[in-house]
$ cat structure_19.csv   # CSV, C-alpha atoms and all ligand atoms
chain,number,residue,atom,x,y,z
A,1,MET,CA,-23.5,-2.3,4.3
A,2,GLU,CA,-23.1,0.6,1.8
A,3,LEU,CA,-21.8,-1.6,-1.0
A,4,PHE,CA,-20.9,1.0,-3.5
A,5,LYS,CA,-19.1,3.1,-0.9
A,6,GLU,CA,-17.1,0.0,0.2
A,7,MET,CA,-16.2,-0.7,-3.4
A,8,GLU,CA,-15.2,2.8,-4.1
A,9,GLU,CA,-13.0,3.0,-0.9
A,10,HIS,CA,-11.1,-0.2,-1.7
A,11,GLY,CA,-11.2,0.2,-5.5
A,12,HIS,CA,-13.3,-2.9,-6.4
A,13,GLU,CA,-14.3,-3.1,-10.1
A,14,GLN,CA,-17.2,-5.6,-10.0
A,15,ILE,CA,-19.2,-7.8,-7.7
A,16,MET,CA,-21.5,-10.6,-9.0
A,17,PHE,CA,-24.2,-12.1,-6.8
A,18,LEU,CA,-25.1,-15.6,-7.9
A,19,GLN,CA,-28.2,-17.4,-6.9
A,20,ASP,CA,-30.0,-20.6,-7.8
A,21,ASN,CA,-32.6,-22.2,-5.6
A,22,LYS,CA,-32.6,-25.6,-7.2
A,23,VAL,CA,-28.9,-26.2,-6.6
A,24,ASN,CA,-28.8,-24.2,-3.4
A,25,LEU,CA,-26.2,-21.8,-4.8
A,26,LYS,CA,-25.6,-18.5,-3.0
A,27,ALA,CA,-22.2,-17.1,-4.1
A,28,ILE,CA,-20.3,-14.0,-4.8
A,29,ILE,CA,-17.6,-13.3,-7.3
A,30,ALA,CA,-15.7,-10.2,-6.3
A,31,ILE,CA,-13.3,-8.7,-8.9
A,32,HIS,CA,-11.0,-6.2,-7.3
A,33,ASN,CA,-8.6,-5.0,-10.0
A,34,THR,CA,-7.8,-6.1,-13.5
A,35,VAL,CA,-5.1,-3.6,-14.4
A,36,LEU,CA,-2.4,-6.3,-14.2
A,37,GLY,CA,-4.4,-8.8,-16.2
A,38,PRO,CA,-7.6,-11.0,-16.0
A,39,SER,CA,-8.4,-11.7,-12.4
A,40,LEU,CA,-7.4,-14.8,-10.4
A,41,GLY,CA,-8.4,-16.0,-7.0
A,42,GLY,CA,-9.5,-19.1,-5.2
A,43,CYS,CA,-13.1,-20.1,-4.2
A,44,ARG,CA,-13.9,-20.2,-0.5
A,45,MET,CA,-16.8,-22.1,0.9
A,46,TRP,CA,-17.9,-21.1,4.4
A,47,ASP,CA,-21.0,-21.2,6.5
A,48,TYR,CA,-21.2,-17.5,7.3
A,49,ASP,CA,-23.5,-16.3,10.0
A,50,LYS,CA,-24.7,-13.3,8.1
A,51,GLU,CA,-24.7,-12.0,4.5
A,52,ASP,CA,-22.6,-8.9,5.4
A,53,GLU,CA,-19.9,-11.2,6.8
A,54,MET,CA,-19.8,-13.0,3.4
A,55,ILE,CA,-19.6,-9.8,1.4
A,56,THR,CA,-16.9,-8.4,3.6
A,57,ASP,CA,-14.9,-11.6,3.2
A,58,ALA,CA,-15.2,-11.5,-0.6
A,59,LEU,CA,-14.2,-7.9,-0.7
A,60,ARG,CA,-11.2,-8.2,1.6
A,61,LEU,CA,-9.9,-11.5,0.0
A,62,SER,CA,-10.2,-10.2,-3.5
A,63,GLU,CA,-8.3,-7.0,-2.7
A,64,GLY,CA,-5.6,-9.2,-1.1
A,65,MET,CA,-5.3,-11.1,-4.3
A,66,THR,CA,-4.5,-8.0,-6.3
A,67,TYR,CA,-1.6,-7.3,-4.0
A,68,LYS,CA,-0.4,-11.0,-4.1
A,69,SER,CA,-0.4,-11.0,-7.9
A,70,GLY,CA,1.2,-7.5,-8.0
A,71,ILE,CA,4.1,-8.4,-5.8
A,72,SER,CA,4.7,-11.7,-7.6
A,73,ASN,CA,5.0,-10.1,-11.0
A,74,VAL,CA,2.4,-12.3,-12.5
A,75,ASP,CA,0.1,-10.9,-15.2
A,76,PHE,CA,-3.2,-11.4,-13.3
A,77,GLY,CA,-5.5,-9.2,-11.3
A,78,GLY,CA,-7.2,-9.9,-8.0
A,79,ALA,CA,-10.5,-11.6,-7.4
A,80,LYS,CA,-12.1,-14.2,-5.1
A,81,SER,CA,-15.3,-16.1,-5.1
A,82,VAL,CA,-17.1,-17.2,-2.0
A,83,ILE,CA,-19.9,-19.8,-1.6
A,84,TRP,CA,-22.3,-19.5,1.3
A,85,GLY,CA,-22.7,-23.0,2.8
A,86,ASP,CA,-21.2,-25.7,5.0
A,87,PRO,CA,-18.4,-27.4,3.2
A,88,HIS,CA,-19.0,-30.6,5.2
A,89,GLN,CA,-22.7,-30.8,4.3
A,90,ASP,CA,-23.8,-28.6,1.5
A,91,LYS,CA,-21.7,-29.7,-1.4
A,92,THR,CA,-23.4,-31.1,-4.5
A,93,GLU,CA,-22.5,-31.6,-8.1
A,94,GLY,CA,-25.2,-29.1,-9.1
A,95,LEU,CA,-23.7,-26.4,-6.9
A,96,PHE,CA,-20.2,-26.5,-8.4
A,97,ARG,CA,-21.5,-27.0,-12.0
A,98,ALA,CA,-23.7,-23.9,-11.6
A,99,LEU,CA,-20.8,-21.9,-10.2
A,100,GLY,CA,-18.7,-23.1,-13.2
A,101,LYS,CA,-21.5,-21.9,-15.6
A,102,PHE,CA,-21.5,-18.4,-14.0
A,103,ILE,CA,-17.7,-18.2,-14.1
A,104,ASN,CA,-17.7,-19.2,-17.7
A,105,THR,CA,-20.0,-16.2,-18.6
A,106,LEU,CA,-17.0,-14.0,-17.6
A,107,ASN,CA,-15.1,-15.5,-20.4
A,108,GLY,CA,-11.7,-15.5,-18.7
A,109,ARG,CA,-12.1,-12.2,-16.8
A,110,TYR,CA,-12.0,-14.4,-13.7
A,111,SER,CA,-10.3,-17.8,-13.1
A,112,THR,CA,-10.6,-19.8,-9.9
A,113,GLY,CA,-9.0,-22.5,-7.8
A,114,THR,CA,-9.3,-24.1,-4.4
A,115,ASP,CA,-9.3,-22.2,-1.1
A,116,VAL,CA,-10.6,-22.8,2.4
A,117,GLY,CA,-13.5,-25.3,2.3
A,118,THR,CA,-13.1,-26.3,-1.3
A,119,THR,CA,-11.0,-29.2,-2.7
A,120,PHE,CA,-9.6,-30.7,-6.0
A,121,ASP,CA,-12.7,-32.9,-6.3
A,122,ASP,CA,-15.0,-29.8,-6.4
A,123,PHE,CA,-13.0,-28.3,-9.2
A,124,VAL,CA,-12.9,-31.4,-11.3
A,125,ILE,CA,-16.7,-31.0,-11.3
A,126,LEU,CA,-16.6,-27.2,-11.9
A,127,ARG,CA,-14.1,-27.8,-14.8
A,128,LYS,CA,-16.9,-29.6,-16.8
A,129,GLU,CA,-18.6,-26.2,-17.2
A,130,THR,CA,-15.6,-23.8,-17.6
A,131,PRO,CA,-11.9,-24.0,-18.5
A,132,PHE,CA,-11.2,-21.0,-16.2
A,133,VAL,CA,-9.9,-23.0,-13.3
A,134,GLY,CA,-6.3,-23.7,-12.1
A,135,ALA,CA,-4.4,-26.2,-9.8
A,136,LEU,CA,-6.4,-29.2,-10.9
A,137,PRO,CA,-5.0,-32.6,-10.1
A,138,LYS,CA,-2.1,-33.7,-12.4
A,139,GLU,CA,-4.2,-36.6,-13.7
A,140,PHE,CA,-6.7,-34.0,-15.0
A,141,GLY,CA,-4.0,-31.9,-16.7
A,142,GLY,CA,-3.5,-29.4,-13.9
A,143,SER,CA,-0.4,-28.5,-11.9
A,144,GLY,CA,-1.5,-30.4,-8.7
A,145,ASP,CA,-1.2,-29.6,-5.0
A,146,SER,CA,-0.2,-26.0,-4.7
A,147,SER,CA,0.8,-26.3,-1.1
A,148,ILE,CA,4.2,-27.7,-2.2
A,149,ALA,CA,5.0,-24.4,-4.0
A,150,THR,CA,3.6,-22.4,-1.1
A,151,ALA,CA,5.7,-24.2,1.5
A,152,TYR,CA,8.8,-23.9,-0.7
A,153,GLY,CA,8.2,-20.2,-1.1
A,154,VAL,CA,7.7,-19.7,2.6
A,155,PHE,CA,10.9,-21.6,3.3
A,156,HIS,CA,12.9,-19.2,1.0
A,157,GLY,CA,11.1,-16.3,2.6
A,158,ILE,CA,12.3,-17.4,6.0
A,159,LYS,CA,15.8,-17.7,4.7
A,160,ALA,CA,15.5,-14.0,3.4
A,161,CYS,CA,14.4,-12.9,6.9
A,162,CYS,CA,17.4,-14.7,8.5
A,163,LYS,CA,19.7,-13.1,5.9
A,164,TYR,CA,18.4,-9.6,6.7
A,165,ARG,CA,18.2,-10.1,10.4
A,166,TYR,CA,21.3,-12.2,11.2
A,167,GLY,CA,23.4,-11.6,8.1
A,168,ASN,CA,23.3,-15.3,7.2
A,169,ASP,CA,20.5,-17.3,5.5
A,170,SER,CA,21.5,-20.8,6.5
A,171,CYS,CA,18.9,-20.9,9.4
A,172,GLU,CA,20.9,-23.8,10.9
A,173,ASP,CA,20.5,-24.1,14.6
A,174,LEU,CA,17.7,-21.5,14.7
A,175,THR,CA,14.5,-22.4,16.5
A,176,VAL,CA,11.2,-22.0,14.5
A,177,ALA,CA,7.8,-22.2,16.2
A,178,VAL,CA,5.4,-23.6,13.6
A,179,GLN,CA,1.7,-23.0,14.2
A,180,GLY,CA,-0.4,-25.3,12.1
A,181,LEU,CA,0.7,-28.6,10.6
A,182,GLY,CA,-1.7,-28.9,7.6
A,183,LYS,CA,-0.8,-29.0,4.0
A,184,VAL,CA,1.7,-26.1,4.1
A,185,GLY,CA,2.9,-26.3,7.8
A,186,LEU,CA,4.0,-29.9,7.7
A,187,LYS,CA,5.9,-29.5,4.4
A,188,LEU,CA,7.5,-26.3,5.7
A,189,SER,CA,8.6,-28.1,8.9
A,190,LYS,CA,10.3,-30.7,6.8
A,191,HIS,CA,12.3,-28.1,4.9
A,192,LEU,CA,13.3,-26.4,8.2
A,193,LEU,CA,14.3,-29.7,9.9
A,194,ASP,CA,16.3,-30.7,6.8
A,195,GLN,CA,18.1,-27.4,7.0
A,196,GLY,CA,19.1,-28.1,10.6
A,197,CYS,CA,16.6,-25.9,12.4
A,198,LYS,CA,14.9,-26.9,15.7
A,199,VAL,CA,11.2,-26.9,15.1
A,200,ILE,CA,8.7,-26.4,17.9
A,201,ALA,CA,5.2,-27.2,16.4
A,202,THR,CA,1.6,-27.4,17.2
A,203,ASP,CA,-1.8,-28.3,15.6
A,204,ILE,CA,-5.3,-29.0,16.9
A,205,GLU,CA,-5.5,-32.3,14.9
A,206,GLU,CA,-3.7,-35.2,16.6
A,207,GLU,CA,-3.0,-36.9,13.2
A,208,ASN,CA,-1.0,-33.8,12.0
A,209,VAL,CA,0.9,-33.6,15.3
A,210,LYS,CA,1.9,-37.2,15.0
A,211,LYS,CA,3.3,-36.7,11.5
A,212,ALA,CA,5.4,-33.7,12.7
A,213,LYS,CA,6.7,-35.7,15.7
A,214,GLU,CA,7.8,-38.4,13.3
A,215,LEU,CA,9.7,-35.8,11.3
A,216,GLY,CA,11.6,-34.7,14.5
A,217,ALA,CA,9.6,-31.7,15.7
A,218,GLU,CA,9.1,-30.9,19.3
A,219,ILE,CA,5.4,-30.6,20.0
A,220,VAL,CA,3.6,-28.2,22.3
A,221,LYS,CA,-0.1,-27.6,23.0
A,222,PRO,CA,-1.9,-25.2,20.6
A,223,ASP,CA,-2.0,-22.3,23.0
A,224,GLU,CA,1.6,-22.7,24.2
A,225,ILE,CA,3.0,-21.9,20.8
A,226,TYR,CA,2.9,-18.1,21.4
A,227,ASP,CA,5.1,-18.5,24.5
A,228,ALA,CA,7.7,-20.7,22.8
A,229,LYS,CA,11.2,-19.3,23.0
A,230,CYS,CA,12.2,-19.1,19.4
A,231,ASP,CA,14.0,-17.1,16.7
A,232,ILE,CA,11.1,-17.3,14.2
A,233,PHE,CA,7.4,-17.5,14.8
A,234,SER,CA,5.7,-19.1,11.7
A,235,PRO,CA,1.9,-18.9,11.5
A,236,ASN,CA,0.5,-21.5,9.1
A,237,ALA,CA,-3.0,-22.0,10.5
A,238,LEU,CA,-5.4,-19.1,11.0
A,239,GLY,CA,-5.5,-15.4,10.3
A,240,ALA,CA,-5.4,-12.6,13.0
A,241,VAL,CA,-3.1,-14.5,15.2
A,242,ILE,CA,-1.0,-11.4,15.9
A,243,ASN,CA,-3.3,-9.4,18.1
A,244,GLU,CA,-3.5,-7.6,21.4
A,245,GLU,CA,-3.4,-10.8,23.4
A,246,THR,CA,-0.6,-12.7,21.5
A,247,ILE,CA,1.8,-9.9,20.7
A,248,LYS,CA,2.8,-9.6,24.4
A,249,ARG,CA,3.6,-13.3,24.6
A,250,LEU,CA,5.8,-13.6,21.5
A,251,ASN,CA,9.4,-14.4,22.1
A,252,CYS,CA,10.9,-14.0,18.6
A,253,ASP,CA,12.9,-11.8,16.2
A,254,ILE,CA,11.0,-12.7,13.0
A,255,ILE,CA,7.4,-13.5,12.0
A,256,ALA,CA,7.1,-15.4,8.7
A,257,GLY,CA,4.5,-18.0,7.7
A,258,ALA,CA,1.9,-18.9,5.1
A,259,ALA,CA,-1.3,-17.9,6.9
A,260,ASN,CA,-3.3,-15.1,5.2
A,261,ASN,CA,-4.2,-11.9,7.1
A,262,VAL,CA,-1.8,-12.8,10.0
A,263,LEU,CA,-2.1,-9.3,11.6
A,264,LYS,CA,-5.4,-8.5,13.2
A,265,ASP,CA,-5.1,-5.1,11.6
A,266,HIS,CA,-2.5,-2.8,10.1
A,267,HIS,CA,-1.8,-1.2,13.5
A,268,PHE,CA,0.0,-4.4,14.5
A,269,ALA,CA,2.5,-3.8,11.6
A,270,ASP,CA,3.4,-0.5,13.4
A,271,ILE,CA,3.8,-2.3,16.8
A,272,LEU,CA,6.0,-5.0,15.3
A,273,LYS,CA,8.2,-2.3,13.7
A,274,LYS,CA,8.5,-0.5,17.1
A,275,GLU,CA,9.4,-3.8,18.8
A,276,SER,CA,12.0,-4.5,16.1
A,277,ILE,CA,10.3,-7.8,15.1
A,278,LEU,CA,10.8,-8.4,11.4
A,279,TYR,CA,7.5,-9.2,9.7
A,280,ALA,CA,7.4,-10.9,6.3
A,281,PRO,CA,4.1,-9.6,4.8
A,282,ASP,CA,1.8,-12.6,4.3
A,283,TYR,CA,0.8,-11.9,0.7
A,284,VAL,CA,4.5,-11.8,-0.3
A,285,ILE,CA,5.8,-14.9,1.5
A,286,ASN,CA,2.8,-17.1,0.9
A,287,ALA,CA,2.5,-16.4,-2.9
A,288,GLY,CA,3.9,-19.8,-4.0
A,289,GLY,CA,0.5,-21.3,-4.7
A,290,LEU,CA,-0.6,-18.3,-6.7
A,291,ILE,CA,2.7,-18.4,-8.7
A,292,GLN,CA,2.0,-22.0,-9.5
A,293,VAL,CA,-1.6,-21.4,-10.7
A,294,ALA,CA,-0.6,-18.3,-12.7
A,295,ASP,CA,2.1,-20.4,-14.4
A,296,GLU,CA,-0.5,-23.1,-15.2
A,297,LEU,CA,-2.9,-20.6,-16.7
A,298,GLY,CA,-0.2,-18.6,-18.5
A,299,ILE,CA,1.5,-18.9,-21.8
A,300,GLY,CA,2.7,-22.4,-22.6
A,301,GLY,CA,1.1,-24.1,-19.7
A,302,TYR,CA,2.6,-25.4,-16.4
A,303,ASN,CA,6.3,-25.9,-15.9
A,304,GLU,CA,7.3,-27.1,-12.5
A,305,GLU,CA,11.0,-26.1,-12.6
A,306,ARG,CA,10.1,-22.6,-13.7
A,307,THR,CA,7.5,-22.3,-10.9
A,308,MET,CA,9.9,-23.4,-8.2
A,309,LYS,CA,12.5,-20.9,-9.5
A,310,LYS,CA,9.9,-18.2,-9.2
A,311,CYS,CA,9.1,-19.3,-5.7
A,312,GLU,CA,12.8,-19.0,-4.8
A,313,HIS,CA,12.6,-15.3,-5.9
A,314,ILE,CA,10.4,-14.6,-2.9
A,315,TYR,CA,13.8,-14.4,-1.1
A,316,ASP,CA,14.9,-11.4,-3.3
A,317,LYS,CA,11.5,-9.8,-3.2
A,318,LEU,CA,11.5,-9.8,0.6
A,319,LEU,CA,15.0,-8.4,0.9
A,320,GLN,CA,14.0,-5.6,-1.5
A,321,ILE,CA,10.9,-4.9,0.8
A,322,PHE,CA,13.0,-4.9,4.0
A,323,GLU,CA,15.5,-2.5,2.4
A,324,ILE,CA,12.8,-0.1,1.3
A,325,ALA,CA,11.1,-0.3,4.7
A,326,GLU,CA,14.4,0.6,6.4
A,327,LYS,CA,15.3,3.4,4.0
A,328,LYS,CA,11.9,5.0,4.2
A,329,ASP,CA,11.4,4.2,7.9
A,330,ILE,CA,8.0,2.5,7.2
A,331,THR,CA,6.6,-0.9,8.0
A,332,THR,CA,7.3,-3.9,5.8
A,333,VAL,CA,3.6,-4.0,4.9
A,334,ASP,CA,3.7,-0.4,3.7
A,335,ALA,CA,6.9,-1.1,1.7
A,336,ALA,CA,5.3,-4.1,0.0
A,337,ASP,CA,2.1,-2.2,-0.8
A,338,HIS,CA,4.2,0.6,-2.2
A,339,ILE,CA,5.9,-1.8,-4.7
A,340,VAL,CA,2.5,-3.1,-5.9
A,341,LYS,CA,1.0,0.3,-6.3
A,342,GLU,CA,4.0,1.4,-8.4
A,343,ARG,CA,3.5,-1.8,-10.6
A,344,ILE,CA,-0.2,-1.0,-11.1
A,345,GLU,CA,0.7,2.6,-12.2
A,346,MET,CA,3.3,1.3,-14.6
A,347,MET,CA,0.8,-1.1,-16.2
A,348,LYS,CA,-1.8,1.7,-16.4
A,349,ALA,CA,0.8,3.7,-18.4
A,350,VAL,CA,1.4,0.6,-20.7
A,351,HIS,CA,-2.3,0.2,-21.3
A,352,ASN,CA,-2.5,3.9,-22.3
A,353,ILE,CA,-0.3,3.2,-25.3
A,354,ARG,CA,-2.5,2.8,-28.3
A,355,GLY,CA,-2.0,-0.7,-29.8
A,401,LIG,P1,-4.8,-26.6,6.1
A,401,LIG,O1,-6.2,-26.5,6.4
A,401,LIG,O2,-4.3,-27.8,5.4
A,401,LIG,O3,-3.9,-26.5,7.5
A,401,LIG,C1,-4.2,-25.6,8.5
A,401,LIG,C2,-3.9,-26.4,9.8
A,401,LIG,O4,-4.0,-25.5,10.9
A,401,LIG,C3,-4.8,-27.6,10.0
A,401,LIG,O5,-4.0,-28.8,10.2
A,401,LIG,C4,-5.5,-27.2,11.3
A,401,LIG,O6,-5.8,-28.3,12.1
A,401,LIG,C5,-4.5,-26.3,12.0
A,401,LIG,N1,-5.1,-25.4,12.9
A,401,LIG,C6,-6.3,-24.8,12.9
A,401,LIG,N2,-6.5,-24.0,14.0
A,401,LIG,C7,-5.4,-24.2,14.8
A,401,LIG,C8,-4.9,-23.6,16.0
A,401,LIG,N3,-5.7,-22.8,16.7
A,401,LIG,N4,-3.7,-24.0,16.4
A,401,LIG,C9,-2.9,-24.8,15.7
A,401,LIG,N5,-3.3,-25.3,14.5
A,401,LIG,C10,-4.5,-25.0,14.1
A,401,LIG,O7,-4.4,-25.3,5.3
A,401,LIG,P2,-3.1,-25.0,4.5
A,401,LIG,O8,-3.4,-25.2,3.0
A,401,LIG,O9,-1.9,-25.7,5.1
A,401,LIG,O10,-2.9,-23.4,4.7
A,401,LIG,C11,-2.4,-22.9,5.9
A,401,LIG,C12,-2.6,-21.4,5.9
A,401,LIG,O11,-1.8,-20.9,4.8
A,401,LIG,C13,-4.0,-20.9,5.7
A,401,LIG,O12,-4.2,-19.7,6.5
A,401,LIG,C14,-4.1,-20.6,4.3
A,401,LIG,O13,-5.1,-19.6,4.0
A,401,LIG,C15,-2.7,-20.1,4.0
A,401,LIG,N6,-2.3,-20.3,2.6
A,401,LIG,C16,-2.3,-21.6,2.0
A,401,LIG,C17,-1.8,-21.7,0.7
A,401,LIG,C18,-1.8,-23.1,0.1
A,401,LIG,O14,-1.2,-23.2,-1.0
A,401,LIG,N7,-2.4,-24.1,0.7
A,401,LIG,C19,-1.4,-20.6,0.0
A,401,LIG,C20,-1.4,-19.3,0.6
A,401,LIG,C21,-1.9,-19.2,1.9
$ encode --input "structure_19.csv" --output "structure tokens" --more "lines below"
Ligand code: NAD
Amino acid sequence: MELFKEMEEHGHEQIMFLQDNKVNLKAIIAIHNTVLGPSLGGCRMWDYDKEDEMITDALRLSEGMTYKSGISNVDFGGAKSVIWGDPHQDKTEGLFRALGKFINTLNGRYSTGTDVGTTFDDFVILRKETPFVGALPKEFGGSGDSSIATAYGVFHGIKACCKYRYGNDSCEDLTVAVQGLGKVGLKLSKHLLDQGCKVIATDIEEENVKKAKELGAEIVKPDEIYDAKCDIFSPNALGAVINEETIKRLNCDIIAGAANNVLKDHHFADILKKESILYAPDYVINAGGLIQVADELGIGGYNEERTMKKCEHIYDKLLQIFEIAEKKDITTVDAADHIVKERIEMMKAVHNIRG
């Protein structure tokens, strides 16, 4: 990989490679953009096959965080850290303390939190070495489980999609196909069922399926979710689920869920536009967790009521994006990117004013 070329193409500011044999640390901190503020982004732990795969993940995820912060109007830039290792086998106290030490050297230029493969417990350890970490458990002074805010934000995002598509945001009597019943998917299903929606749901974990059934969801097998006749398809499991194979099978008007990188690539945003399927860009609708962590790390510390209000604003943000997309005849992804780029330019102008 030509790293500098990649960084230049995508506008990354800094990449740190971290290594310590004794604690088995091999990690990257990728800082994409700090125009909007010091960078923020979770820490992923994954057993990558190759080094290039790990670097690509760090670059792609950190860039996504700049867009997520930008659209959410929080004063943070975008970054991500990735640890190379098996989250089920390779976790040690030394690993997370060493990562914490390195993060601390950045003196607030980067703050972290949980992501795929890392948990609260890991960050309670990391916190011993650095204060630059968010979404710790409430008993450790943090804001707690961020999936509550994420699910709440996705629910309001779905309401915005219904408002735009059907002229009414009640969602009552609509059918939502929910893929993934983990931390976010299950909470989202509860919001939807409480609202009077019919929920068709799936997960590969029997335990999660059981919980959704108890809430009142109809269950289908994991692969059948793409064929479910529904108004809304809500991906809350993996990325790249909208691809060549699945797009032909979908039977919905709207795609709106928490999963990151839902579209296999940008070309699928064009196809969805052509097919008149309304797509809620992932980094807009799933920003609740980021909004919570930004609130926790921001002025005055965490306030739950304020955070939930900000999550409700995902509704207005999506309506603004849909209107821009319609007016400019562009995809909803391009419309969202456009808003973020304008915000970055605005903040560059602010920074140019001599203080
Ligand atoms: P999670 O790991 O708790 O839940 C994911 C669920 O998807 C699991 O129950 C898993 O069994 C299921 N799953 C995996 N493969 C599947 C398949 N092929 N078919 C059906 N189900 C499958 O994760 P989460 O925190 O609920 O996050 C869900 C998605 O939302 C992820 O893509 C995550 O990156 C994204 N996201 C989460 C947050 C957050 O606050 N947790 C914030 C932003 C984005």
$ closest_atom_pairs --input "structure_19.csv" --of "chain A" --to "ligand LIG 401 (chain A)" --cutoff "9 Å" --atoms "all atoms listed in the file" --output "tab-separated table"
residue	atom	partner	partner_atom	distance
A:Thr114	CA	A:LIG401	N7	8.6
A:Asp115	CA	A:LIG401	O13	7.1
A:Val116	CA	A:LIG401	O13	6.6
A:Gly117	CA	A:LIG401	O1	8.5
A:Asp145	CA	A:LIG401	O14	7.5
A:Ser146	CA	A:LIG401	O14	4.7
A:Ser147	CA	A:LIG401	O14	3.7
A:Ile148	CA	A:LIG401	O14	7.1
A:Ala149	CA	A:LIG401	O14	7.0
A:Thr150	CA	A:LIG401	O14	4.9
A:Ala151	CA	A:LIG401	O14	7.4
A:Val178	CA	A:LIG401	C9	8.6
A:Gln179	CA	A:LIG401	C9	5.2
A:Gly180	CA	A:LIG401	N5	3.8
A:Leu181	CA	A:LIG401	O5	4.7
A:Gly182	CA	A:LIG401	O3	3.3
A:Lys183	CA	A:LIG401	O9	3.6
A:Val184	CA	A:LIG401	O9	3.8
A:Gly185	CA	A:LIG401	O9	5.5
A:Leu186	CA	A:LIG401	O9	7.7
A:Lys187	CA	A:LIG401	O9	8.7
A:Ala201	CA	A:LIG401	C9	8.5
A:Thr202	CA	A:LIG401	C9	5.4
A:Asp203	CA	A:LIG401	N5	3.5
A:Ile204	CA	A:LIG401	N5	4.8
A:Glu205	CA	A:LIG401	O6	4.9
A:Glu206	CA	A:LIG401	O6	8.5
A:Glu207	CA	A:LIG401	O5	8.7
A:Asn208	CA	A:LIG401	O5	6.1
A:Val209	CA	A:LIG401	O5	8.5
A:Lys221	CA	A:LIG401	C9	8.3
A:Pro222	CA	A:LIG401	N4	4.7
A:Asp223	CA	A:LIG401	N4	7.0
A:Ile225	CA	A:LIG401	N4	8.3
A:Pro235	CA	A:LIG401	C12	7.6
A:Asn236	CA	A:LIG401	C12	4.5
A:Ala237	CA	A:LIG401	O4	3.7
A:Leu238	CA	A:LIG401	O12	4.7
A:Gly239	CA	A:LIG401	O12	5.9
A:Val241	CA	A:LIG401	N3	8.8
A:Gly257	CA	A:LIG401	O11	7.5
A:Ala258	CA	A:LIG401	O11	4.2
A:Ala259	CA	A:LIG401	O12	3.4
A:Asn260	CA	A:LIG401	O12	4.9
A:Asn261	CA	A:LIG401	O12	7.8
A:Val262	CA	A:LIG401	O12	8.1
A:Asp282	CA	A:LIG401	C21	7.9
A:Tyr283	CA	A:LIG401	C20	7.7
A:Ile285	CA	A:LIG401	C20	8.5
A:Asn286	CA	A:LIG401	C20	4.8
A:Ala287	CA	A:LIG401	C20	6.0
A:Gly288	CA	A:LIG401	C19	6.7
A:Gly289	CA	A:LIG401	O14	4.5
A:Leu290	CA	A:LIG401	C19	7.1
$ residues_near_point --input "structure_19.csv" --point "(-12.5, -24.2, -14.3)" --cutoff "8 Å" --atoms "only C-alpha atoms" --output "MDAnalysis selection string"
chainID A and resid 100 103:104 111:113 123:124 126:134
$ residues_around --input "structure_19.csv" --residues "Gly11 of chain A" --least-positions-apart "5" --cutoff "12 Å" --atoms "only C-alpha atoms" --output "list in words"
Leu3, Phe4, Lys5, Glu6, Ala30, Ile31, His32, Asn33, Thr34, Val35, Leu59, Arg60, Ser62, Glu63, Gly64, Thr66, Gly78 and Ala79 of chain A
$ residues_around --input "structure_19.csv" --residues "Ser170 of chain A" --least-positions-apart "6" --cutoff "10 Å" --atoms "all atoms listed in the file" --output "ChimeraX atom specification"
/A:158-160,162-163,195-197
$ atom_distance --input "structure_19.csv" --atom1 "atom CA of Val74 of chain A" --atom2 "atom CA of Asp265 of chain A"
26.2 Å
$ atom_distance --input "structure_19.csv" --atom1 "atom CA of Ser72 of chain A" --atom2 "atom CA of Trp84 of chain A"
29.5 Å
$ atom_distance --input "structure_19.csv" --atom1 "atom CA of Ala27 of chain A" --atom2 "atom CA of Leu99 of chain A"
7.9 Å
$ residues_around --input "structure_19.csv" --residues "segment 346-353 of chain A" --least-positions-apart "5" --cutoff "12 Å" --atoms "all atoms listed in the file" --output "number ranges by chain"
A: 33-37, 70, 73-77, 339-341
$ closest_residue --input "structure_19.csv" --among "A:Lys50, A:Lys26, A:Val82, A:Leu136" --to "Leu95 of chain A" --atoms "only C-alpha atoms"
A:Lys26
$ closest_residue --input "structure_19.csv" --among "A:Gln89, A:Arg44, A:Leu174, A:Ile71" --to "Gln320 of chain A" --atoms "all atoms listed in the file"
A:Ile71
$ closest_residue --input "structure_19.csv" --among "A:Glu275, A:Asp90, A:Asp231, A:Asp253" --to "Val23 of chain A" --atoms "all atoms listed in the file"
A:Asp90
$ residues_near_point --input "structure_19.csv" --point "(0.4, -21.6, -13.1)" --cutoff "8 Å" --atoms "all atoms listed in the file" --output "PyMOL selection string"
chain A and resi 134-135+143+290-298+301-303+307
$ closest_residue --input "structure_19.csv" --among "A:Gly216, A:Gly42, A:Gly355, A:Gly157" --to "Lys190 of chain A" --atoms "all atoms listed in the file"
A:Gly216
